[in-house]
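Next up, structure-v2.txt (compact mmCIF, C-alpha atoms (C1' of nucleotides)):
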# COMPACT_ATOMS: atom_id res chain seq x y z
CA MET D 192 0.00 0.00 0.00
CA SER D 193 1.42 3.37 -0.96
CA HIS D 194 1.29 6.42 1.28
CA GLU D 195 -1.23 8.16 -0.88
CA ASP D 196 -3.72 5.38 -0.35
CA PHE D 197 -3.42 5.09 3.38
CA GLU D 198 -6.41 6.69 5.10
CA LEU D 199 -7.05 7.13 8.78
CA ALA D 200 -10.67 6.26 8.07
CA GLY D 201 -9.60 2.76 7.07
CA PHE D 202 -7.26 2.18 9.99
CA THR D 203 -8.85 -0.11 12.52
CA PRO D 204 -7.33 1.32 15.73
CA TYR D 205 -8.58 4.73 14.65
CA LEU D 206 -12.06 3.46 13.91
CA LEU D 207 -12.13 1.59 17.19
CA ASN D 208 -11.22 4.73 19.07
CA GLN D 209 -13.77 6.87 17.29
CA ALA D 210 -16.53 4.35 17.82
CA ALA D 211 -15.58 3.73 21.44
CA GLU D 212 -15.48 7.45 22.17
CA ALA D 213 -18.76 8.16 20.46
CA GLN D 214 -20.60 5.31 22.15
CA SER D 215 -18.99 5.87 25.52
CA LEU D 216 -20.17 9.46 25.38
CA VAL D 217 -23.78 8.41 25.08
CA PHE D 218 -23.79 6.15 28.09
CA SER D 219 -21.32 7.98 30.30
CA LYS D 220 -23.51 11.04 30.05
CA ILE D 221 -26.14 9.14 31.98
CA TYR D 222 -24.09 8.15 35.01
CA LYS D 223 -22.22 11.40 34.93
CA ASP D 224 -25.20 13.73 34.80
CA ARG D 225 -27.38 11.74 37.16
CA TYR D 226 -24.84 10.57 39.76
CA GLY D 227 -21.66 12.52 39.10
CA MET D 228 -19.85 9.25 38.53
CA LEU D 229 -16.74 8.56 36.47
CA ARG D 230 -16.24 5.49 34.34
CA THR D 231 -14.24 3.57 36.94
CA GLU D 232 -16.91 4.31 39.55
CA TRP D 233 -19.55 2.89 37.24
CA ARG D 234 -17.51 -0.25 36.71
CA VAL D 235 -16.92 -0.73 40.43
CA LEU D 236 -20.59 -0.09 41.15
CA PHE D 237 -21.47 -2.58 38.47
CA HIS D 238 -19.28 -5.29 39.94
CA LEU D 239 -20.69 -4.87 43.41
CA GLY D 240 -24.25 -4.77 42.11
CA ARG D 241 -23.80 -7.73 39.86
CA TYR D 242 -21.66 -10.00 41.99
CA GLY D 243 -22.36 -8.89 45.56
CA GLU D 244 -19.64 -8.12 48.06
CA MET D 245 -16.10 -8.03 46.75
CA THR D 246 -12.71 -6.72 47.82
CA ALA D 247 -10.92 -3.97 45.93
CA LYS D 248 -8.42 -6.47 44.64
CA GLU D 249 -11.07 -8.82 43.33
CA ILE D 250 -12.68 -5.97 41.43
CA SER D 251 -9.29 -4.86 40.20
CA GLN D 252 -8.57 -8.31 38.78
CA SER D 253 -12.00 -8.92 37.36
CA ALA D 254 -12.23 -5.53 35.68
CA MET D 255 -8.57 -5.29 34.76
CA ILE D 256 -8.32 -1.85 36.31
CA HIS D 257 -5.28 -0.71 38.27
CA LYS D 258 -5.61 -0.75 42.03
CA THR D 259 -5.03 2.98 42.41
CA LYS D 260 -7.97 3.71 40.15
CA ILE D 261 -10.09 1.29 42.16
CA SER D 262 -8.93 2.88 45.38
CA ARG D 263 -10.06 6.31 44.28
CA ALA D 264 -13.33 5.07 42.80
CA VAL D 265 -14.12 3.29 46.08
CA ARG D 266 -13.35 6.46 48.00
CA ASP D 267 -15.63 8.50 45.75
CA LEU D 268 -18.44 5.95 45.85
CA GLU D 269 -18.18 5.90 49.63
CA GLU D 270 -18.49 9.69 49.73
CA LYS D 271 -21.69 9.34 47.72
CA ARG D 272 -22.92 6.81 50.32
CA PHE D 273 -23.18 4.25 47.55
CA LEU D 274 -21.07 1.64 49.28
CA ALA D 275 -19.85 0.56 52.69
CA ARG D 276 -16.43 -0.80 53.58
CA GLU D 277 -15.77 -3.22 56.37
CA VAL D 278 -12.38 -4.50 57.39
CA ILE D 279 -12.22 -8.30 57.31
CA GLU D 280 -11.20 -9.83 60.63
CA GLU D 281 -9.25 -12.71 59.16
CA ASP D 282 -7.00 -10.31 57.26
CA ARG D 283 -7.10 -6.73 58.37
CA ARG D 284 -5.46 -5.44 55.18
CA VAL D 285 -8.57 -6.37 53.23
CA GLU D 286 -11.91 -4.58 53.03
CA ARG D 287 -15.22 -6.15 52.18
CA LEU D 288 -17.15 -3.75 49.93
CA THR D 289 -20.92 -3.81 49.68
CA LEU D 290 -23.53 -1.58 48.09
CA ARG D 291 -25.77 0.50 50.32
CA PRO D 292 -29.38 1.21 49.31
CA PRO D 293 -28.59 4.36 47.31
CA GLY D 294 -25.90 2.44 45.48
CA LYS D 295 -28.31 -0.39 44.75
CA GLU D 296 -30.81 2.07 43.36
CA ALA D 297 -28.19 3.65 41.14
CA PHE D 298 -27.11 0.20 39.99
CA ASP D 299 -30.67 -0.77 39.15
CA TYR D 300 -31.24 2.41 37.25
CA LEU D 301 -28.00 2.16 35.32
CA VAL D 302 -28.40 -1.48 34.42
CA ARG D 303 -31.83 -0.67 33.05
CA ALA D 304 -30.37 2.24 31.10
CA ALA D 305 -27.56 0.05 29.81
CA ALA D 306 -30.01 -2.61 28.65
CA GLU D 307 -32.09 0.03 26.91
CA TYR D 308 -28.99 1.43 25.30
CA GLU D 309 -28.05 -2.02 24.08
CA ASP D 310 -31.50 -2.55 22.65
CA GLN D 311 -31.37 0.69 20.74
CA LEU D 312 -27.98 -0.19 19.36
CA ALA D 313 -29.23 -3.59 18.26
CA ALA D 314 -32.19 -1.90 16.60
CA LYS D 315 -29.90 0.53 14.86
CA LEU D 316 -27.39 -2.01 13.57
CA GLY D 317 -29.73 -4.91 13.24
CA GLN D 318 -29.80 -7.90 15.60
CA GLU D 319 -27.42 -9.97 13.49
CA GLU D 320 -24.83 -7.27 12.97
CA ALA D 321 -24.92 -6.20 16.62
CA GLN D 322 -24.13 -9.74 17.72
CA LEU D 323 -21.46 -10.10 15.10
CA LEU D 324 -19.85 -6.84 16.18
CA LYS D 325 -19.64 -8.04 19.77
CA ARG D 326 -18.11 -11.32 18.73
CA LEU D 327 -15.49 -9.50 16.69
CA LEU D 328 -14.74 -7.05 19.48
CA LYS D 329 -14.23 -9.87 21.96
CA ARG D 330 -11.57 -11.29 19.70
CA LEU D 331 -9.72 -7.99 19.82
CA GLY D 332 -9.99 -7.34 23.58
CA MET J 151 -33.43 -8.53 30.89
CA SER J 152 -32.98 -9.04 34.63
CA HIS J 153 -30.03 -7.69 36.57
CA GLU J 154 -28.55 -11.10 37.10
CA ASP J 155 -28.22 -11.61 33.38
CA PHE J 156 -26.59 -8.33 32.57
CA GLU J 157 -22.89 -8.79 31.96
CA LEU J 158 -20.28 -6.18 31.24
CA ALA J 159 -18.82 -8.62 28.72
CA GLY J 160 -21.97 -8.28 26.62
CA PHE J 161 -22.21 -4.51 26.83
CA THR J 162 -21.09 -2.95 23.59
CA PRO J 163 -19.56 0.29 24.95
CA TYR J 164 -17.47 -1.81 27.30
CA LEU J 165 -16.32 -4.14 24.54
CA LEU J 166 -15.55 -1.19 22.31
CA ASN J 167 -13.40 0.36 25.00
CA GLN J 168 -11.54 -2.84 25.75
CA ALA J 169 -10.87 -3.53 22.10
CA ALA J 170 -9.88 0.07 21.38
CA GLU J 171 -7.52 0.15 24.35
CA ALA J 172 -5.95 -3.18 23.51
CA GLN J 173 -5.41 -2.35 19.85
CA SER J 174 -4.36 1.22 20.51
CA LEU J 175 -1.70 -0.11 22.86
CA VAL J 176 -0.10 -2.15 20.12
CA PHE J 177 0.25 0.68 17.66
CA SER J 178 0.79 3.59 20.05
CA LYS J 179 3.74 1.70 21.48
CA ILE J 180 5.44 2.17 18.13
CA TYR J 181 5.19 5.94 17.80
CA LYS J 182 5.67 6.39 21.52
CA ASP J 183 8.81 4.30 21.90
CA ARG J 184 10.38 5.36 18.64
CA TYR J 185 9.50 9.05 18.50
CA GLY J 186 8.11 9.95 21.93
CA MET J 187 4.86 10.97 20.27
CA LEU J 188 1.37 11.07 21.73
CA ARG J 189 -1.75 10.05 19.85
CA THR J 190 -2.70 13.58 18.82
CA GLU J 191 0.81 14.17 17.53
CA TRP J 192 0.55 11.04 15.41
CA ARG J 193 -2.75 12.21 13.98
CA VAL J 194 -1.41 15.67 13.17
CA LEU J 195 1.70 14.17 11.63
CA PHE J 196 -0.50 11.86 9.63
CA HIS J 197 -2.60 14.68 8.25
CA LEU J 198 0.41 16.70 7.18
CA GLY J 199 2.08 13.66 5.66
CA ARG J 200 -1.01 12.54 3.87
CA TYR J 201 -2.51 15.80 2.69
CA GLY J 202 0.46 18.16 2.55
CA GLU J 203 0.44 21.58 4.12
CA MET J 204 -2.52 22.45 6.31
CA THR J 205 -3.47 24.97 8.96
CA ALA J 206 -4.17 23.97 12.55
CA LYS J 207 -7.82 24.64 12.02
CA GLU J 208 -8.05 22.46 8.95
CA ILE J 209 -6.48 19.59 10.86
CA SER J 210 -8.75 20.25 13.79
CA GLN J 211 -11.83 20.01 11.58
CA SER J 212 -10.67 17.06 9.56
CA ALA J 213 -9.60 15.04 12.57
CA MET J 214 -12.35 16.26 14.87
CA ILE J 215 -9.83 17.15 17.54
CA HIS J 216 -10.17 20.25 19.71
CA LYS J 217 -7.98 23.16 18.76
CA THR J 218 -6.14 23.21 22.09
CA LYS J 219 -5.02 19.63 21.58
CA ILE J 220 -3.89 20.49 18.07
CA SER J 221 -2.05 23.54 19.38
CA ARG J 222 -0.10 21.46 21.85
CA ALA J 223 0.60 18.68 19.38
CA VAL J 224 1.93 21.23 16.87
CA ARG J 225 4.14 22.74 19.55
CA ASP J 226 5.54 19.32 20.48
CA LEU J 227 6.07 18.30 16.86
CA GLU J 228 7.87 21.55 16.25
CA GLU J 229 10.16 20.88 19.20
CA LYS J 230 11.00 17.54 17.62
CA ARG J 231 11.81 19.43 14.39
CA PHE J 232 9.14 17.37 12.64
CA LEU J 233 7.27 20.36 11.24
CA ALA J 234 7.70 24.00 10.31
CA ARG J 235 5.22 26.81 10.81
CA GLU J 236 4.95 29.83 8.59
CA VAL J 237 2.58 32.72 9.07
CA ILE J 238 0.37 33.29 6.06
CA GLU J 239 0.62 36.80 4.65
CA GLU J 240 -2.99 37.05 3.54
CA ASP J 241 -4.19 36.38 7.07
CA ARG J 242 -1.61 36.75 9.78
CA ARG J 243 -3.65 34.81 12.35
CA VAL J 244 -3.12 31.64 10.36
CA GLU J 245 -0.08 29.37 10.13
CA ARG J 246 0.80 27.11 7.25
CA LEU J 247 2.15 23.83 8.68
CA THR J 248 4.46 21.58 6.71
CA LEU J 249 6.52 18.51 7.51
CA ARG J 250 10.28 18.82 7.63
CA PRO J 251 12.50 15.92 6.52
CA PRO J 252 12.61 14.21 9.94
CA GLY J 253 8.84 14.47 10.11
CA LYS J 254 8.50 12.99 6.64
CA GLU J 255 10.72 10.10 7.64
CA ALA J 256 8.68 9.46 10.75
CA PHE J 257 5.51 9.62 8.69
CA ASP J 258 6.85 7.14 6.16
CA TYR J 259 7.93 4.78 8.87
CA LEU J 260 4.67 5.00 10.75
CA VAL J 261 2.46 4.60 7.69
CA ARG J 262 4.40 1.48 6.84
CA ALA J 263 3.99 0.21 10.38
CA ALA J 264 0.28 1.02 10.30
CA ALA J 265 -0.20 -0.84 7.05
CA GLU J 266 1.67 -3.82 8.49
CA TYR J 267 -0.43 -3.69 11.58
CA GLU J 268 -3.57 -3.62 9.48
CA ASP J 269 -2.39 -6.61 7.47
CA GLN J 270 -1.72 -8.61 10.61
CA LEU J 271 -5.13 -7.77 11.96
CA ALA J 272 -6.78 -8.81 8.71
CA ALA J 273 -4.83 -12.06 8.84
CA LYS J 274 -5.90 -12.63 12.40
CA LEU J 275 -9.59 -11.92 11.91
CA GLY J 276 -9.86 -13.02 8.33
CA GLN J 277 -10.20 -10.66 5.39
CA GLU J 278 -13.99 -10.78 5.37
CA GLU J 279 -14.46 -10.20 9.08
CA ALA J 280 -11.88 -7.41 9.20
CA GLN J 281 -13.73 -5.53 6.47
CA LEU J 282 -17.05 -6.15 8.13
CA LEU J 283 -15.72 -4.90 11.45
CA LYS J 284 -14.60 -1.67 9.87
CA ARG J 285 -17.95 -1.14 8.19
CA LEU J 286 -19.74 -1.66 11.49
CA LEU J 287 -17.38 0.64 13.37
CA LYS J 288 -17.93 3.39 10.83
CA ARG J 289 -21.64 3.23 11.52
CA LEU J 290 -20.95 3.83 15.20
CA GLY J 291 -18.41 6.64 14.87
C1' DT F 152 10.37 -13.62 69.03
C1' DG F 153 12.48 -11.57 65.08
C1' DT F 154 13.64 -11.00 60.52
C1' DT F 155 12.50 -11.23 55.63
C1' DG F 156 9.50 -11.00 51.94
C1' DA F 157 4.97 -10.54 50.09
C1' DT F 158 0.31 -8.37 49.77
C1' DA F 159 -3.93 -4.83 50.13
C1' DG F 160 -4.68 -0.55 49.78
C1' DT F 161 -3.36 4.55 50.01
C1' DT F 162 -0.73 8.64 49.05
C1' DA F 163 2.21 11.57 46.32
C1' DA F 164 4.42 13.30 42.18
C1' DC F 165 4.01 13.77 37.53
C1' DT F 166 1.74 13.64 32.86
C1' DT F 167 -2.06 14.31 29.91
C1' DT F 168 -6.62 16.06 28.96
C1' DG F 169 -10.50 19.32 29.23
C1' DT F 170 -12.51 23.91 29.81
C1' DA F 171 -12.46 28.60 29.75
C1' DA F 172 -10.45 32.81 29.23
C1' DC F 173 -7.31 35.36 26.63
C1' DT F 174 -4.50 37.70 22.61
C1' DA F 175 -3.92 39.13 18.09
C1' DA F 176 -5.73 39.74 13.72
C1' DC F 177 -9.43 40.42 10.59
C1' DA F 178 -14.15 42.00 8.60
C1' DA F 179 -18.10 44.88 8.17
C1' DG F 180 -20.68 48.67 8.85
C1' DT F 181 -20.89 53.31 10.63
C1' DA Q 150 -10.97 56.14 11.81
C1' DC Q 151 -14.01 53.43 15.14
C1' DT Q 152 -16.77 50.41 17.14
C1' DT Q 153 -18.70 45.53 17.19
C1' DG Q 154 -18.37 40.92 16.31
C1' DT Q 155 -15.76 36.92 14.65
C1' DT Q 156 -11.88 33.85 14.04
C1' DA Q 157 -7.00 31.37 14.70
C1' DG Q 158 -4.35 30.04 17.92
C1' DT Q 159 -2.31 30.15 22.80
C1' DT Q 160 -2.25 30.11 27.74
C1' DA Q 161 -3.82 29.10 32.35
C1' DC Q 162 -6.12 26.43 35.55
C1' DA Q 163 -8.69 22.39 36.97
C1' DA Q 164 -9.80 17.51 36.38
C1' DA Q 165 -8.17 12.73 35.30
C1' DG Q 166 -5.07 9.28 34.61
C1' DT Q 167 -0.33 7.05 35.38
C1' DT Q 168 3.56 5.46 38.01
C1' DA Q 169 6.23 4.94 42.00
C1' DA Q 170 6.77 4.89 46.57
C1' DC Q 171 4.75 4.26 50.97
C1' DT Q 172 2.01 2.13 55.22
C1' DA Q 173 0.06 -1.50 57.51
C1' DT Q 174 -0.65 -6.19 57.81
C1' DC Q 175 0.27 -10.87 57.17
C1' DA Q 176 3.01 -15.36 56.37
C1' DA Q 177 6.98 -18.18 56.80
C1' DC Q 178 10.71 -19.67 58.89
C1' DA Q 179 15.03 -19.32 61.58
Translate the structure of the given file into structure tokens.
Amino acid sequence: MSHEDFELAGFTPYLLNQAAEAQSLVFSKIYKDRYGMLRTEWRVLFHLGRYGEMTAKEISQSAMIHKTKISRAVRDLEEKRFLAREVIEEDRRVERLTLRPPGKEAFDYLVRAAAEYEDQLAAKLGQEEAQLLKRLLKRLG
Amino acid sequence: MSHEDFELAGFTPYLLNQAAEAQSLVFSKIYKDRYGMLRTEWRVLFHLGRYGEMTAKEISQSAMIHKTKISRAVRDLEEKRFLAREVIEEDRRVERLTLRPPGKEAFDYLVRAAAEYEDQLAAKLGQEEAQLLKRLLKRLG
DNA sequence: TGTTGATAGTTAACTTTGTAACTAACAAGT
DNA sequence: ACTTGTTAGTTACAAAGTTAACTATCAACA
């Protein structure tokens, strides 16, 4: 391929970034406007809502997010009264994190919004293509 | 869809982000390690290499990048001696940006690397699927 | 018990990004 | 010439993200 033919619009990493940014904007607006949350906070909230009590490290491993980001997200979610921390007796370095009622409510709302979002996307792309896209993306992650 | 069924791994914005991050890492490593460039710098360099001389505003519009990011990328590329700025006489607010030889070399190298990268991706996903992925991503950007 | 090494989580220093205000130059109408 | 409004690009400050170093706790073993 010669230089004259190479287009950013045909370069997959570029397209991935553009698509990810555009789509992320749509959904992040929801948790940002409604709860003042950042992306890492949403992911931590999601893990606790979906899987029940977890430690910071477990979330960190499951979500592949660095522990410092988790640490700050947990701090911010605690300030919002969305979660409670409790030191584990067996190992006092570790904290058991659980959602409090306001956190559960936010989780419920956001999961509903996420499902709606996903439905709209499937409607826009078509059921088949939406599934195919996800399969392809999983192979790249 | 009930809350118990909702998985991050099936949520398109999440998959897009993971894929974009993973792929971006592969290619950004190249221009970062070799030239100490950031993503915006690469995109500015690309535009100048691909389309010849442009103003900051033209790049900003074409790449959909905010003018402050462009401004900083241009400054950093100039420090690397990759580009030259020249005030336009007809309108002295505007600068004509052009690549200097080291910038051209970097562009050549990076376009080659990008094309290689794209080839490897196509080989990995299969020609058909790689094309399909790009078409789908364009509909989301 | 005491030392050594590992681990969970936090804090601190630095880099990058985002937003808003600013400067300099132009354009149009008075 | 003289305001008023607009535009190209920069600068300044705040918000986020990254990396490294730190604290407290635990485990293992001499």
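Matched residue by residue and fitted by least squares, the Cα atoms of chain D sit at an RMSD of 0.1 Å from chain J.
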Q. Within 9 Å of (-9.6, 2.2, 20.9), only C-alpha atoms (C1' of nucleotides): residues as JSON, numbers by chain?
A. {"D": [203, 204, 205, 206, 207, 208, 209, 210, 211, 212], "J": [166, 167, 168, 169, 170, 171, 172, 173, 174, 175]}
For region 211-217 of chain D, take all atoms listed in the file, fit an axis-aligned box around them, add 5 Å to each of the six sides, then output centre and edge lengths in Å rounded to one decimal, as AutoDock Vina command-line options.
--center_x -19.6 --center_y 6.6 --center_z 23.0 --size_x 18.3 --size_y 15.7 --size_z 15.1
Would you mind listing, as a short mmCIF file (atom, residue, chain, number, x, y, z; two decimals) with C-alpha atoms, in the frame of the given file, all residues of chain J that have at least one atom within 10 Å of chain F, where only C-alpha atoms (C1' of nucleotides) are what counts?
data_model
loop_
_atom_site.label_atom_id
_atom_site.label_comp_id
_atom_site.auth_asym_id
_atom_site.auth_seq_id
_atom_site.Cartn_x
_atom_site.Cartn_y
_atom_site.Cartn_z
CA LEU J 188 1.37 11.07 21.73
CA HIS J 216 -10.17 20.25 19.71
CA THR J 218 -6.14 23.21 22.09
CA LYS J 219 -5.02 19.63 21.58
CA ASP J 241 -4.19 36.38 7.07
CA ARG J 242 -1.61 36.75 9.78
CA ARG J 243 -3.65 34.81 12.35
CA VAL J 244 -3.12 31.64 10.36
#
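Around region 293-295 of chain D, within 7 Å and counting all atoms listed in the file, the residues found are D:Gly240, D:Arg272, D:Phe273, D:Leu274, once anything fewer than 6 positions away on its own chain is removed.
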Provide chain Q of the preceding structure as a file containing C-alpha atoms (C1' of nucleotides), as a compact mmCIF listing (two decimals), in the first residue's frame.
# COMPACT_ATOMS: atom_id res chain seq x y z
C1' DA Q 150 -10.97 56.14 11.81
C1' DC Q 151 -14.01 53.43 15.14
C1' DT Q 152 -16.77 50.41 17.14
C1' DT Q 153 -18.70 45.53 17.19
C1' DG Q 154 -18.37 40.92 16.31
C1' DT Q 155 -15.76 36.92 14.65
C1' DT Q 156 -11.88 33.85 14.04
C1' DA Q 157 -7.00 31.37 14.70
C1' DG Q 158 -4.35 30.04 17.92
C1' DT Q 159 -2.31 30.15 22.80
C1' DT Q 160 -2.25 30.11 27.74
C1' DA Q 161 -3.82 29.10 32.35
C1' DC Q 162 -6.12 26.43 35.55
C1' DA Q 163 -8.69 22.39 36.97
C1' DA Q 164 -9.80 17.51 36.38
C1' DA Q 165 -8.17 12.73 35.30
C1' DG Q 166 -5.07 9.28 34.61
C1' DT Q 167 -0.33 7.05 35.38
C1' DT Q 168 3.56 5.46 38.01
C1' DA Q 169 6.23 4.94 42.00
C1' DA Q 170 6.77 4.89 46.57
C1' DC Q 171 4.75 4.26 50.97
C1' DT Q 172 2.01 2.13 55.22
C1' DA Q 173 0.06 -1.50 57.51
C1' DT Q 174 -0.65 -6.19 57.81
C1' DC Q 175 0.27 -10.87 57.17
C1' DA Q 176 3.01 -15.36 56.37
C1' DA Q 177 6.98 -18.18 56.80
C1' DC Q 178 10.71 -19.67 58.89
C1' DA Q 179 15.03 -19.32 61.58
